[in-house]
$ cat protein03.txt   # compact mmCIF, N, CA and C atoms
# COMPACT_ATOMS: atom_id res chain seq x y z
N MET T 1 -2.66 91.93 -9.11
CA MET T 1 -1.96 90.83 -8.48
C MET T 1 -1.97 89.62 -9.43
N GLN T 2 -0.80 89.05 -9.67
CA GLN T 2 -0.67 87.90 -10.56
C GLN T 2 -0.71 86.63 -9.73
N MET T 3 -1.49 85.66 -10.21
CA MET T 3 -1.61 84.38 -9.51
C MET T 3 -1.03 83.27 -10.38
N LYS T 4 -0.37 82.34 -9.75
CA LYS T 4 0.19 81.20 -10.47
C LYS T 4 -0.72 80.00 -10.23
N TYR T 5 -1.23 79.45 -11.32
CA TYR T 5 -2.12 78.31 -11.21
C TYR T 5 -1.41 76.98 -11.47
N PHE T 6 -0.28 77.05 -12.11
CA PHE T 6 0.42 75.83 -12.48
C PHE T 6 1.75 75.78 -11.76
N LYS T 7 2.03 74.63 -11.22
CA LYS T 7 3.31 74.42 -10.55
C LYS T 7 4.37 74.23 -11.62
N THR T 8 5.44 74.99 -11.56
CA THR T 8 6.52 74.82 -12.54
C THR T 8 7.54 73.84 -11.99
N GLN T 9 8.02 72.99 -12.86
CA GLN T 9 8.99 71.98 -12.48
C GLN T 9 10.39 72.52 -12.75
N LYS T 10 11.29 72.28 -11.83
CA LYS T 10 12.67 72.70 -12.00
C LYS T 10 13.28 72.02 -13.22
N GLU T 11 13.96 72.79 -14.04
CA GLU T 11 14.62 72.24 -15.23
C GLU T 11 15.79 71.35 -14.83
N SER T 12 16.00 70.29 -15.57
CA SER T 12 17.13 69.40 -15.33
C SER T 12 18.40 70.07 -15.84
N ASP T 13 19.50 69.69 -15.24
CA ASP T 13 20.81 70.20 -15.64
C ASP T 13 21.17 69.59 -17.00
N PRO T 14 21.40 70.42 -18.02
CA PRO T 14 21.74 69.89 -19.35
C PRO T 14 22.98 69.01 -19.34
N ARG T 15 23.91 69.29 -18.43
CA ARG T 15 25.13 68.47 -18.35
C ARG T 15 24.79 67.05 -17.90
N GLN T 16 23.77 66.91 -17.04
CA GLN T 16 23.36 65.58 -16.60
C GLN T 16 22.74 64.80 -17.77
N HIS T 17 21.96 65.51 -18.62
CA HIS T 17 21.41 64.87 -19.82
C HIS T 17 22.53 64.31 -20.69
N VAL T 18 23.53 65.12 -20.93
CA VAL T 18 24.66 64.70 -21.77
C VAL T 18 25.39 63.52 -21.13
N GLN T 19 25.60 63.58 -19.82
CA GLN T 19 26.31 62.50 -19.12
C GLN T 19 25.53 61.20 -19.21
N VAL T 20 24.22 61.24 -18.94
CA VAL T 20 23.41 60.03 -18.97
C VAL T 20 23.35 59.45 -20.39
N LYS T 21 23.22 60.31 -21.39
CA LYS T 21 23.23 59.82 -22.78
C LYS T 21 24.55 59.12 -23.10
N SER T 22 25.64 59.66 -22.61
CA SER T 22 26.95 59.05 -22.82
C SER T 22 27.01 57.68 -22.15
N TRP T 23 26.53 57.59 -20.91
CA TRP T 23 26.50 56.29 -20.21
C TRP T 23 25.65 55.28 -20.96
N VAL T 24 24.50 55.73 -21.47
CA VAL T 24 23.61 54.83 -22.22
C VAL T 24 24.32 54.33 -23.47
N SER T 25 24.94 55.23 -24.21
CA SER T 25 25.65 54.85 -25.44
C SER T 25 26.75 53.84 -25.15
N GLN T 26 27.48 54.05 -24.07
CA GLN T 26 28.55 53.13 -23.69
C GLN T 26 28.00 51.78 -23.25
N ALA T 27 27.02 51.80 -22.36
CA ALA T 27 26.48 50.57 -21.77
C ALA T 27 25.82 49.68 -22.82
N PHE T 28 25.14 50.30 -23.79
CA PHE T 28 24.44 49.54 -24.82
C PHE T 28 25.27 49.41 -26.10
N ASP T 29 26.50 49.93 -26.09
CA ASP T 29 27.40 49.88 -27.24
C ASP T 29 26.71 50.39 -28.51
N LEU T 30 26.18 51.62 -28.42
CA LEU T 30 25.42 52.21 -29.52
C LEU T 30 26.34 52.95 -30.49
N SER T 31 25.99 52.91 -31.75
CA SER T 31 26.73 53.70 -32.74
C SER T 31 26.27 55.16 -32.63
N GLU T 32 27.05 56.05 -33.21
CA GLU T 32 26.77 57.49 -33.10
C GLU T 32 25.46 57.89 -33.77
N ASP T 33 24.96 57.10 -34.71
CA ASP T 33 23.73 57.47 -35.41
C ASP T 33 22.45 57.03 -34.68
N VAL T 34 22.59 56.38 -33.54
CA VAL T 34 21.42 55.96 -32.75
C VAL T 34 21.03 57.09 -31.80
N SER T 35 19.77 57.52 -31.86
CA SER T 35 19.28 58.58 -30.99
C SER T 35 18.88 58.01 -29.63
N VAL T 36 19.17 58.80 -28.60
CA VAL T 36 18.78 58.46 -27.23
C VAL T 36 18.01 59.65 -26.68
N MET T 37 16.81 59.39 -26.17
CA MET T 37 16.00 60.44 -25.56
C MET T 37 15.91 60.18 -24.06
N ILE T 38 16.12 61.23 -23.29
CA ILE T 38 16.04 61.17 -21.83
C ILE T 38 14.93 62.13 -21.41
N THR T 39 13.96 61.63 -20.64
CA THR T 39 12.84 62.45 -20.22
C THR T 39 12.55 62.20 -18.75
N GLU T 40 12.23 63.25 -18.02
CA GLU T 40 11.74 63.12 -16.66
C GLU T 40 10.23 63.23 -16.69
N LEU T 41 9.55 62.29 -16.07
CA LEU T 41 8.09 62.30 -16.05
C LEU T 41 7.58 62.13 -14.63
N GLN T 42 6.39 62.68 -14.40
CA GLN T 42 5.72 62.42 -13.14
C GLN T 42 5.12 61.03 -13.23
N CYS T 43 5.36 60.23 -12.24
CA CYS T 43 4.83 58.88 -12.20
C CYS T 43 3.54 58.89 -11.40
N THR T 44 2.47 58.40 -12.03
CA THR T 44 1.17 58.41 -11.36
C THR T 44 0.74 57.01 -10.91
N GLU T 45 1.57 56.01 -11.16
CA GLU T 45 1.25 54.65 -10.75
C GLU T 45 1.39 54.52 -9.24
N GLU T 46 0.54 53.70 -8.65
CA GLU T 46 0.57 53.49 -7.21
C GLU T 46 1.90 52.89 -6.79
N GLY T 47 2.49 53.43 -5.74
CA GLY T 47 3.75 52.94 -5.21
C GLY T 47 4.98 53.42 -5.96
N CYS T 48 4.78 54.22 -6.97
CA CYS T 48 5.88 54.72 -7.78
C CYS T 48 6.39 56.05 -7.21
N PRO T 49 7.70 56.30 -7.24
CA PRO T 49 8.20 57.61 -6.81
C PRO T 49 7.58 58.71 -7.67
N PRO T 50 7.50 59.93 -7.15
CA PRO T 50 6.82 60.99 -7.89
C PRO T 50 7.45 61.37 -9.23
N ILE T 51 8.75 61.19 -9.36
CA ILE T 51 9.44 61.52 -10.62
C ILE T 51 10.25 60.31 -11.05
N GLU T 52 10.18 59.99 -12.36
CA GLU T 52 10.99 58.91 -12.91
C GLU T 52 11.70 59.42 -14.16
N THR T 53 12.82 58.80 -14.47
CA THR T 53 13.57 59.12 -15.67
C THR T 53 13.31 58.02 -16.69
N VAL T 54 12.88 58.42 -17.88
CA VAL T 54 12.58 57.47 -18.94
C VAL T 54 13.64 57.63 -20.03
N ILE T 55 14.19 56.49 -20.44
CA ILE T 55 15.22 56.47 -21.47
C ILE T 55 14.66 55.71 -22.67
N ALA T 56 14.69 56.34 -23.83
CA ALA T 56 14.24 55.70 -25.07
C ALA T 56 15.42 55.64 -26.03
N ILE T 57 15.72 54.43 -26.49
CA ILE T 57 16.81 54.21 -27.44
C ILE T 57 16.18 53.88 -28.78
N MET T 58 16.47 54.70 -29.79
CA MET T 58 15.84 54.58 -31.11
C MET T 58 16.70 53.75 -32.06
N VAL T 59 16.85 52.47 -31.76
CA VAL T 59 17.64 51.59 -32.61
C VAL T 59 16.85 51.26 -33.88
N THR T 60 15.59 50.87 -33.70
CA THR T 60 14.71 50.53 -34.82
C THR T 60 13.67 51.63 -34.97
N PRO T 61 13.58 52.28 -36.13
CA PRO T 61 12.60 53.36 -36.31
C PRO T 61 11.18 52.90 -35.95
N GLY T 62 10.52 53.69 -35.13
CA GLY T 62 9.15 53.41 -34.73
C GLY T 62 9.01 52.40 -33.60
N LYS T 63 10.11 51.80 -33.17
CA LYS T 63 10.07 50.80 -32.10
C LYS T 63 11.20 51.06 -31.09
N PRO T 64 11.07 52.12 -30.31
CA PRO T 64 12.14 52.43 -29.35
C PRO T 64 12.21 51.40 -28.23
N GLN T 65 13.42 51.18 -27.75
CA GLN T 65 13.62 50.40 -26.53
C GLN T 65 13.44 51.40 -25.40
N GLN T 66 12.57 51.10 -24.45
CA GLN T 66 12.27 52.06 -23.40
C GLN T 66 12.60 51.47 -22.03
N TYR T 67 13.23 52.28 -21.20
CA TYR T 67 13.63 51.89 -19.86
C TYR T 67 13.22 52.98 -18.89
N LYS T 68 12.86 52.59 -17.66
CA LYS T 68 12.49 53.55 -16.63
C LYS T 68 13.39 53.37 -15.41
N ILE T 69 13.81 54.50 -14.88
CA ILE T 69 14.58 54.51 -13.63
C ILE T 69 13.74 55.34 -12.66
N HIS T 70 13.40 54.76 -11.55
CA HIS T 70 12.47 55.39 -10.62
C HIS T 70 13.16 56.39 -9.70
N LYS T 71 13.73 57.40 -10.32
CA LYS T 71 14.34 58.52 -9.60
C LYS T 71 14.51 59.67 -10.57
N PRO T 72 14.65 60.89 -10.06
CA PRO T 72 14.87 62.05 -10.94
C PRO T 72 16.20 61.93 -11.69
N LEU T 73 16.28 62.59 -12.81
CA LEU T 73 17.49 62.56 -13.64
C LEU T 73 18.72 62.98 -12.84
N ALA T 74 18.58 63.96 -11.98
CA ALA T 74 19.72 64.45 -11.20
C ALA T 74 20.32 63.38 -10.29
N GLU T 75 19.55 62.34 -9.98
CA GLU T 75 20.02 61.28 -9.09
C GLU T 75 20.47 60.02 -9.83
N VAL T 76 20.33 60.00 -11.15
CA VAL T 76 20.73 58.83 -11.94
C VAL T 76 22.25 58.72 -11.95
N GLU T 77 22.72 57.49 -11.71
CA GLU T 77 24.15 57.22 -11.69
C GLU T 77 24.50 56.20 -12.77
N GLN T 78 25.76 56.09 -13.08
CA GLN T 78 26.19 55.17 -14.12
C GLN T 78 25.79 53.73 -13.79
N THR T 79 25.80 53.35 -12.54
CA THR T 79 25.41 51.99 -12.16
C THR T 79 23.94 51.72 -12.49
N ASP T 80 23.09 52.76 -12.43
CA ASP T 80 21.68 52.61 -12.81
C ASP T 80 21.57 52.23 -14.29
N ILE T 81 22.38 52.87 -15.10
CA ILE T 81 22.35 52.62 -16.55
C ILE T 81 22.90 51.22 -16.85
N VAL T 82 24.00 50.87 -16.23
CA VAL T 82 24.60 49.54 -16.45
C VAL T 82 23.64 48.44 -16.04
N SER T 83 22.88 48.65 -14.98
CA SER T 83 21.93 47.63 -14.53
C SER T 83 20.82 47.39 -15.55
N LEU T 84 20.54 48.37 -16.41
CA LEU T 84 19.52 48.20 -17.43
C LEU T 84 19.92 47.15 -18.47
N THR T 85 21.21 47.00 -18.69
CA THR T 85 21.69 46.05 -19.69
C THR T 85 21.66 44.61 -19.18
N ALA T 86 21.52 44.44 -17.88
CA ALA T 86 21.52 43.08 -17.28
C ALA T 86 20.17 42.40 -17.46
N GLY T 87 19.12 43.19 -17.75
CA GLY T 87 17.78 42.62 -17.82
C GLY T 87 17.40 42.11 -19.10
$ encode --input "protein03.txt" --output "structure tokens"
Amino acid sequence: MQMKYFKTQKESDPRQHVQVKSWVSQAFDLSEDVSVMITELQCTEEGCPPIETVIAIMVTPGKPQQYKIHKPLAEVEQTDIVSLTAG
């Protein structure tokens, strides 16, 4: 009998990754050579939703601009990305 000790997390839809990266590039007016990383992480801070989406924009090597959206990647909308530029 095989036992599972680790909870596996559902993989994000690759199309959503591509869409969010596109929104980030548009909202921040990034050139094509700027890397954007999108990651879903478990949030362990008190009062934080269980899953958050972290966006890292690599404009300056070694000093990424980092943003957090307190919802899973599948729920991120273009308005969430646009609101990041207002801050």
$ atom_distance --input "protein03.txt" --atom1 "atom N of T:Ser35" --atom2 "atom C of T:Cys48"
28.1 Å
$ residues_around --input "protein03.txt" --residues "T:His17" --least-positions-apart "6" --cutoff "9 Å" --atoms "only C-alpha atoms" --output "MDAnalysis selection string"
chainID T and resid 38:39 73:74
$ closest_residue --input "protein03.txt" --among "T:Val76, T:Val20, T:Val59, T:Ile69" --to "T:Asp33" --atoms "only N, CA and C atoms"
T:Val59
$ atom_distance --input "protein03.txt" --atom1 "atom CA of T:Lys63" --atom2 "atom CA of T:Pro49"
26.3 Å
$ atom_distance --input "protein03.txt" --atom1 "atom CA of T:Pro64" --atom2 "atom CA of T:Gly47"
25.6 Å
$ closest_residue --input "protein03.txt" --among "T:Val36, T:Arg15, T:Glu45, T:Glu77" --to "T:Ile57" --atoms "all atoms listed in the file"
T:Val36
$ select_by_dssp --input "protein03.txt" --residues "stretch 7-82 of chain T" --states "helix (DSSP H, G or I)" --output "JSON, numbers by chain"
{"T": [14, 15, 16, 17, 18, 19, 20, 21, 22, 23, 24, 25, 26, 27, 73, 74, 75, 78, 79, 80, 81, 82]}
$ closest_residue --input "protein03.txt" --among "T:Ala86, T:Glu40, T:Thr60, T:Ile55" --to "T:Pro72" --atoms "all atoms listed in the file"
T:Glu40
$ residues_near_point --input "protein03.txt" --point "(10.8, 61.5, -9.8)" --cutoff "7 Å" --atoms "only C-alpha atoms" --output "list in words"
Leu41, Gln42, Cys43, Pro49, Pro50, Ile51, Glu52, Thr53, His70, Lys71 and Pro72 of chain T
